[in-house]
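A quick write-up on the structure given underneath.
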Amino acid sequence: MTGVRPAAGSGALQGRVIVVTRPRQQAGELVDAIAAQGGQPLLFPLLEIGPAPDTVPLEQVAARLGEFRLAVFVSPNAVQYALPLLLARGPWPSTLQAVAVGPGTVRALAAAGITSCLCPATRFDSEALLELPELAPAQVAGQGVLILRGNGGRELLGDTLAARGARVERLACYSRSGPGAGSGEFLARLEAGSLDALILSSSEALVHLLALVPEAGQRQRLLALPLFVPHARIAAGASAAGFTRVVLTAAADAGLLAGLCAYNWPQS
């Protein structure tokens, strides 16, 4: 866990302690942006990301990449953990279209040399991906689709593409688990009332967060904090769990930062 970063100058978030719960590998830009606005980001990853325990399935798929028409990377983690093994056998097939759920994944693919990539324009989730014309039933029927993801997660994308007639293979190329040791600073600051807001970027992280705070008094303080989320599904889950100040922002880092900066913070 990374401690609170001192505020940088002045800005819309001056002095506000904002808990960033994203996986460490995906949190850097948002942490820096909050600090640039004068906020004090507290990095507390609620998901730990690591390599898949068994890479043999990925290595086997690498030998037959040419069988697929689409390769869907669900996150930058999928690019980080899958692409080196996929490219170890040879170059990316010219007939294989890369697909990304969000702009961070697009950037990760571009950094690895794959610049032709399908991605939704606004919402960055499975539902938006399935609205792309290139994933319509007439386009995917009979085609091989490889979905590169972590363990677990939603099945909507694969199930829907299979229902549209695609030959879908799901491959777990990285592992996701709950937070390890290191919740002490977060819980101590929660107990002391020295947190101003939280950011949650996944429903899975919400489950882990609630499990960490079972004590009634702490749970009440947690649920009273402003909670910033970039997706309506997460917002609905948070409201159902009892959060009283859920702020639904636009997508990605830019949307979360804009929501934080526009929030009507109480006067100190």
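Chain lettering (A, B, ...) mirrors the order of the structure tokens, residue numbering begins at 1 for each chain separately, and ligand numbering begins at 1 in order of display.
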
Legend entry - Shell around segment 196-199 of chain A at 9 Å using only C-alpha atoms, local window under 5 positions removed, as a list in words: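 Within the cut-off, the hits are Arg16, Val17, Ile18, Val19, Val20, Thr21, Arg22, Leu225, Pro226, Leu227, Phe228, Val229, Pro230, Leu256, Leu260 and Trp265 of chain A.
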
Using only N, CA and C atoms, please write the residues we just selected to a file, as a CSV table (one decimal), in the first residue's frame.
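What landed in selection_18.csv:
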```
chain,number,residue,atom,x,y,z
A,16,ARG,N,-7.7,17.4,-0.3
A,16,ARG,CA,-8.7,16.3,-0.2
A,16,ARG,C,-7.9,14.9,-0.3
A,17,VAL,N,-8.2,14.1,0.7
A,17,VAL,CA,-7.6,12.7,0.7
A,17,VAL,C,-8.5,11.8,-0.1
A,18,ILE,N,-8.1,11.4,-1.3
A,18,ILE,CA,-8.9,10.5,-2.2
A,18,ILE,C,-8.3,9.1,-2.2
A,19,VAL,N,-9.1,8.1,-1.9
A,19,VAL,CA,-8.6,6.8,-1.9
A,19,VAL,C,-8.8,6.2,-3.4
A,20,VAL,N,-7.7,5.8,-4.0
A,20,VAL,CA,-7.7,5.2,-5.3
A,20,VAL,C,-7.6,3.6,-5.1
A,21,THR,N,-8.6,2.9,-5.5
A,21,THR,CA,-8.6,1.5,-5.2
A,21,THR,C,-8.3,0.6,-6.4
A,22,ARG,N,-7.8,1.2,-7.5
A,22,ARG,CA,-7.5,0.4,-8.7
A,22,ARG,C,-6.3,-0.5,-8.5
A,225,LEU,N,-19.0,8.1,3.0
A,225,LEU,CA,-18.0,8.8,2.1
A,225,LEU,C,-18.6,9.0,0.7
A,226,PRO,N,-18.2,10.1,0.1
A,226,PRO,CA,-18.5,10.3,-1.4
A,226,PRO,C,-17.8,9.2,-2.1
A,227,LEU,N,-18.5,8.5,-3.0
A,227,LEU,CA,-17.9,7.4,-3.8
A,227,LEU,C,-18.1,7.7,-5.2
A,228,PHE,N,-17.0,7.7,-5.9
A,228,PHE,CA,-16.9,8.1,-7.4
A,228,PHE,C,-16.7,6.8,-8.2
A,229,VAL,N,-17.6,6.6,-9.1
A,229,VAL,CA,-17.6,5.4,-9.9
A,229,VAL,C,-17.8,5.7,-11.4
A,230,PRO,N,-17.2,5.0,-12.4
A,230,PRO,CA,-17.3,5.4,-13.8
A,230,PRO,C,-18.3,4.6,-14.5
A,256,LEU,N,-13.4,10.3,-14.2
A,256,LEU,CA,-13.3,10.3,-12.8
A,256,LEU,C,-12.7,11.6,-12.2
A,260,LEU,N,-14.5,14.4,-9.8
A,260,LEU,CA,-13.9,14.8,-8.5
A,260,LEU,C,-13.8,16.3,-8.4
A,265,TRP,N,-17.6,20.1,-2.7
A,265,TRP,CA,-17.0,19.6,-1.5
A,265,TRP,C,-17.4,20.6,-0.3
```

Inset, instruction - Please give the complete set of residues from segment 15-147 of chain A that DSSP, run on the backbone, assigns to helix (DSSP H, G or I), formatted as a ChimeraX atom specification. - result: /A:24-36,56-62,65-67,76-87,103-111,126-130,133-135,137-140

Okay, now the selection with C-alpha atoms, as a PDB file, in the first residue's frame?
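Result file is out_2.pdb:
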```pdb
ATOM      1  CA  ARG A  24      -1.453  -0.801  -8.749  1.00  0.00           C
ATOM      2  CA  GLN A  25      -0.504  -1.316 -12.404  1.00  0.00           C
ATOM      3  CA  GLN A  26      -3.442   0.797 -13.583  1.00  0.00           C
ATOM      4  CA  ALA A  27      -3.475   3.541 -10.959  1.00  0.00           C
ATOM      5  CA  GLY A  28      -0.432   5.677 -11.758  1.00  0.00           C
ATOM      6  CA  GLU A  29      -1.973   8.193 -14.145  1.00  0.00           C
ATOM      7  CA  LEU A  30      -5.025   8.775 -11.965  1.00  0.00           C
ATOM      8  CA  VAL A  31      -2.906   9.168  -8.825  1.00  0.00           C
ATOM      9  CA  ASP A  32      -0.746  11.741 -10.618  1.00  0.00           C
ATOM     10  CA  ALA A  33      -3.776  13.624 -11.946  1.00  0.00           C
ATOM     11  CA  ILE A  34      -5.331  13.882  -8.476  1.00  0.00           C
ATOM     12  CA  ALA A  35      -2.050  15.154  -7.044  1.00  0.00           C
ATOM     13  CA  ALA A  36      -1.784  17.714  -9.855  1.00  0.00           C
ATOM     14  CA  VAL A  56       0.570 -23.585 -21.208  1.00  0.00           C
ATOM     15  CA  PRO A  57      -2.929 -22.810 -22.592  1.00  0.00           C
ATOM     16  CA  LEU A  58      -1.711 -19.400 -23.737  1.00  0.00           C
ATOM     17  CA  GLU A  59       1.354 -20.903 -25.377  1.00  0.00           C
ATOM     18  CA  GLN A  60      -0.833 -23.446 -27.161  1.00  0.00           C
ATOM     19  CA  VAL A  61      -3.165 -20.738 -28.465  1.00  0.00           C
ATOM     20  CA  ALA A  62      -0.148 -18.772 -29.710  1.00  0.00           C
ATOM     21  CA  LEU A  65      -3.536 -17.514 -33.687  1.00  0.00           C
ATOM     22  CA  GLY A  66      -4.341 -17.628 -37.380  1.00  0.00           C
ATOM     23  CA  GLU A  67      -7.519 -19.578 -36.584  1.00  0.00           C
ATOM     24  CA  PRO A  76      -4.281  -3.449 -20.178  1.00  0.00           C
ATOM     25  CA  ASN A  77      -3.465  -6.397 -17.909  1.00  0.00           C
ATOM     26  CA  ALA A  78      -4.524  -8.773 -20.663  1.00  0.00           C
ATOM     27  CA  VAL A  79      -2.084  -7.056 -23.015  1.00  0.00           C
ATOM     28  CA  GLN A  80       0.725  -7.122 -20.455  1.00  0.00           C
ATOM     29  CA  TYR A  81       0.399 -10.793 -19.593  1.00  0.00           C
ATOM     30  CA  ALA A  82      -0.815 -12.315 -22.873  1.00  0.00           C
ATOM     31  CA  LEU A  83       0.837 -10.445 -25.716  1.00  0.00           C
ATOM     32  CA  PRO A  84       4.504 -11.353 -25.072  1.00  0.00           C
ATOM     33  CA  LEU A  85       3.639 -15.061 -25.088  1.00  0.00           C
ATOM     34  CA  LEU A  86       1.388 -14.700 -28.118  1.00  0.00           C
ATOM     35  CA  LEU A  87       4.143 -12.947 -30.084  1.00  0.00           C
ATOM     36  CA  PRO A 103      -8.655   3.360 -24.336  1.00  0.00           C
ATOM     37  CA  GLY A 104      -6.048   2.200 -21.822  1.00  0.00           C
ATOM     38  CA  THR A 105      -5.987  -1.156 -23.557  1.00  0.00           C
ATOM     39  CA  VAL A 106      -5.733   0.549 -26.941  1.00  0.00           C
ATOM     40  CA  ARG A 107      -2.662   2.436 -25.728  1.00  0.00           C
ATOM     41  CA  ALA A 108      -1.091  -0.736 -24.341  1.00  0.00           C
ATOM     42  CA  LEU A 109      -1.588  -2.518 -27.663  1.00  0.00           C
ATOM     43  CA  ALA A 110      -0.211   0.441 -29.612  1.00  0.00           C
ATOM     44  CA  ALA A 111       2.888   0.486 -27.407  1.00  0.00           C
ATOM     45  CA  SER A 126     -18.882  -5.342 -22.712  1.00  0.00           C
ATOM     46  CA  GLU A 127     -22.245  -3.848 -23.629  1.00  0.00           C
ATOM     47  CA  ALA A 128     -20.644  -1.047 -25.652  1.00  0.00           C
ATOM     48  CA  LEU A 129     -18.257  -3.500 -27.305  1.00  0.00           C
ATOM     49  CA  LEU A 130     -21.165  -5.662 -28.414  1.00  0.00           C
ATOM     50  CA  PRO A 133     -20.887  -3.062 -36.109  1.00  0.00           C
ATOM     51  CA  GLU A 134     -17.888  -5.374 -36.455  1.00  0.00           C
ATOM     52  CA  LEU A 135     -19.321  -7.595 -33.691  1.00  0.00           C
ATOM     53  CA  PRO A 137     -24.187 -11.356 -35.736  1.00  0.00           C
ATOM     54  CA  ALA A 138     -23.629 -11.237 -39.495  1.00  0.00           C
ATOM     55  CA  GLN A 139     -19.981 -10.331 -38.940  1.00  0.00           C
ATOM     56  CA  VAL A 140     -19.031 -12.859 -36.258  1.00  0.00           C
TER      57      VAL A 140
END
```

Legend entry - Closest of A:Ser94, A:Tyr174, A:Pro214, A:Phe186 to Ala52 of chain A - atom-to-atom distances counting only C-alpha atoms: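 Nearest candidate to Ala52 of chain A out of A:Ser94, A:Tyr174, A:Pro214, A:Phe186: A:Tyr174.
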
Inset, instruction - Could you tell me, as JSON, numbers by chain, which residues of segment 60-204 of chain A DSSP assigns to strand (DSSP E) when given the backbone? - result: {"A": [70, 71, 72, 73, 97, 98, 99, 100, 117, 118, 144, 145, 146, 147, 148, 149, 150, 167, 168, 169, 170, 171, 172, 173, 174, 175, 176, 177, 197, 198, 199]}

Inset, instruction - Would you kindly return, as a PyMOL selection string, each protein, DNA or RNA residue with an atom no farther than 9 Å from any atom of Thr95 of chain A, considering only C-alpha atoms and excluding same-chain residues fewer than 6 positions away? - result: chain A and resi 66+68-70

Legend entry - A:Ala71, A:Val145, A:Ile49, A:Leu118 ranked by distance to Gly165 of chain A, top pick (using only C-alpha atoms): A:Val145

Legend entry - Distance of atom CA of Ser75 of chain A from atom CA of Cys173 of chain A, expressed in Å to one decimal place: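 Interatomic distance here is 11.0 Å.
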
Inset, instruction - Pick out the closest residue to Gln37 of chain A from this set: A:Gly11, A:Leu146, A:Arg123, A:Gly217. Count only C-alpha atoms. - result: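 Counting only C-alpha atoms, the residue closest to Gln37 of chain A is A:Gly11.
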
Inset, instruction - Point out the residue among A:Gly178, A:Gly90, A:Gly142, A:Gly259 with the least atom-to-atom distance to Leu161 of chain A, counting only C-alpha atoms. - result: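 Selected residue with least distance to Leu161 of chain A: A:Gly142.
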
Inset, instruction - Find the spatial neighbours of Ala12 of chain A, counting only C-alpha atoms, within a cut-off of 8 Å - ignore same-chain residues fewer than 4 positions away - and output them as JSON, numbers by chain. - result: {"A": [37, 38, 39, 261, 262]}

Inset, instruction - Write out as JSON, numbers by chain the residues lying within 8 Å of Ile147 of chain A, counting only C-alpha atoms and excluding same-chain residues fewer than 5 positions away. - result: {"A": [71, 72, 73, 74, 158, 168, 169, 170, 171]}

Inset, instruction - Using only C-alpha atoms, pick whichever of A:Ala216, A:Ala232, A:Leu156, A:Ala166 has the shortest atom-to-atom distance to Ala251 of chain A. - result: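 Of A:Ala216, A:Ala232, A:Leu156, A:Ala166, the one nearest Ala251 of chain A, counting only C-alpha atoms, is A:Ala232.
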
Legend entry - Residue neighbourhood Thr244 of chain A, 8 Å, only C-alpha atoms, exclusion window fewer than 2 positions, as a list in words: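 Selected residues are Leu223, Ala224, Leu225, Pro226, Ser239, Gly242 and Val246 of chain A.
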
Legend entry - Given only C-alpha atoms as the counted atoms, nearest of A:Arg233, A:Arg221, A:Arg64, A:Arg149 to Leu187 of chain A: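 When distances to Leu187 of chain A are compared using only C-alpha atoms, the smallest one comes from A:Arg221.
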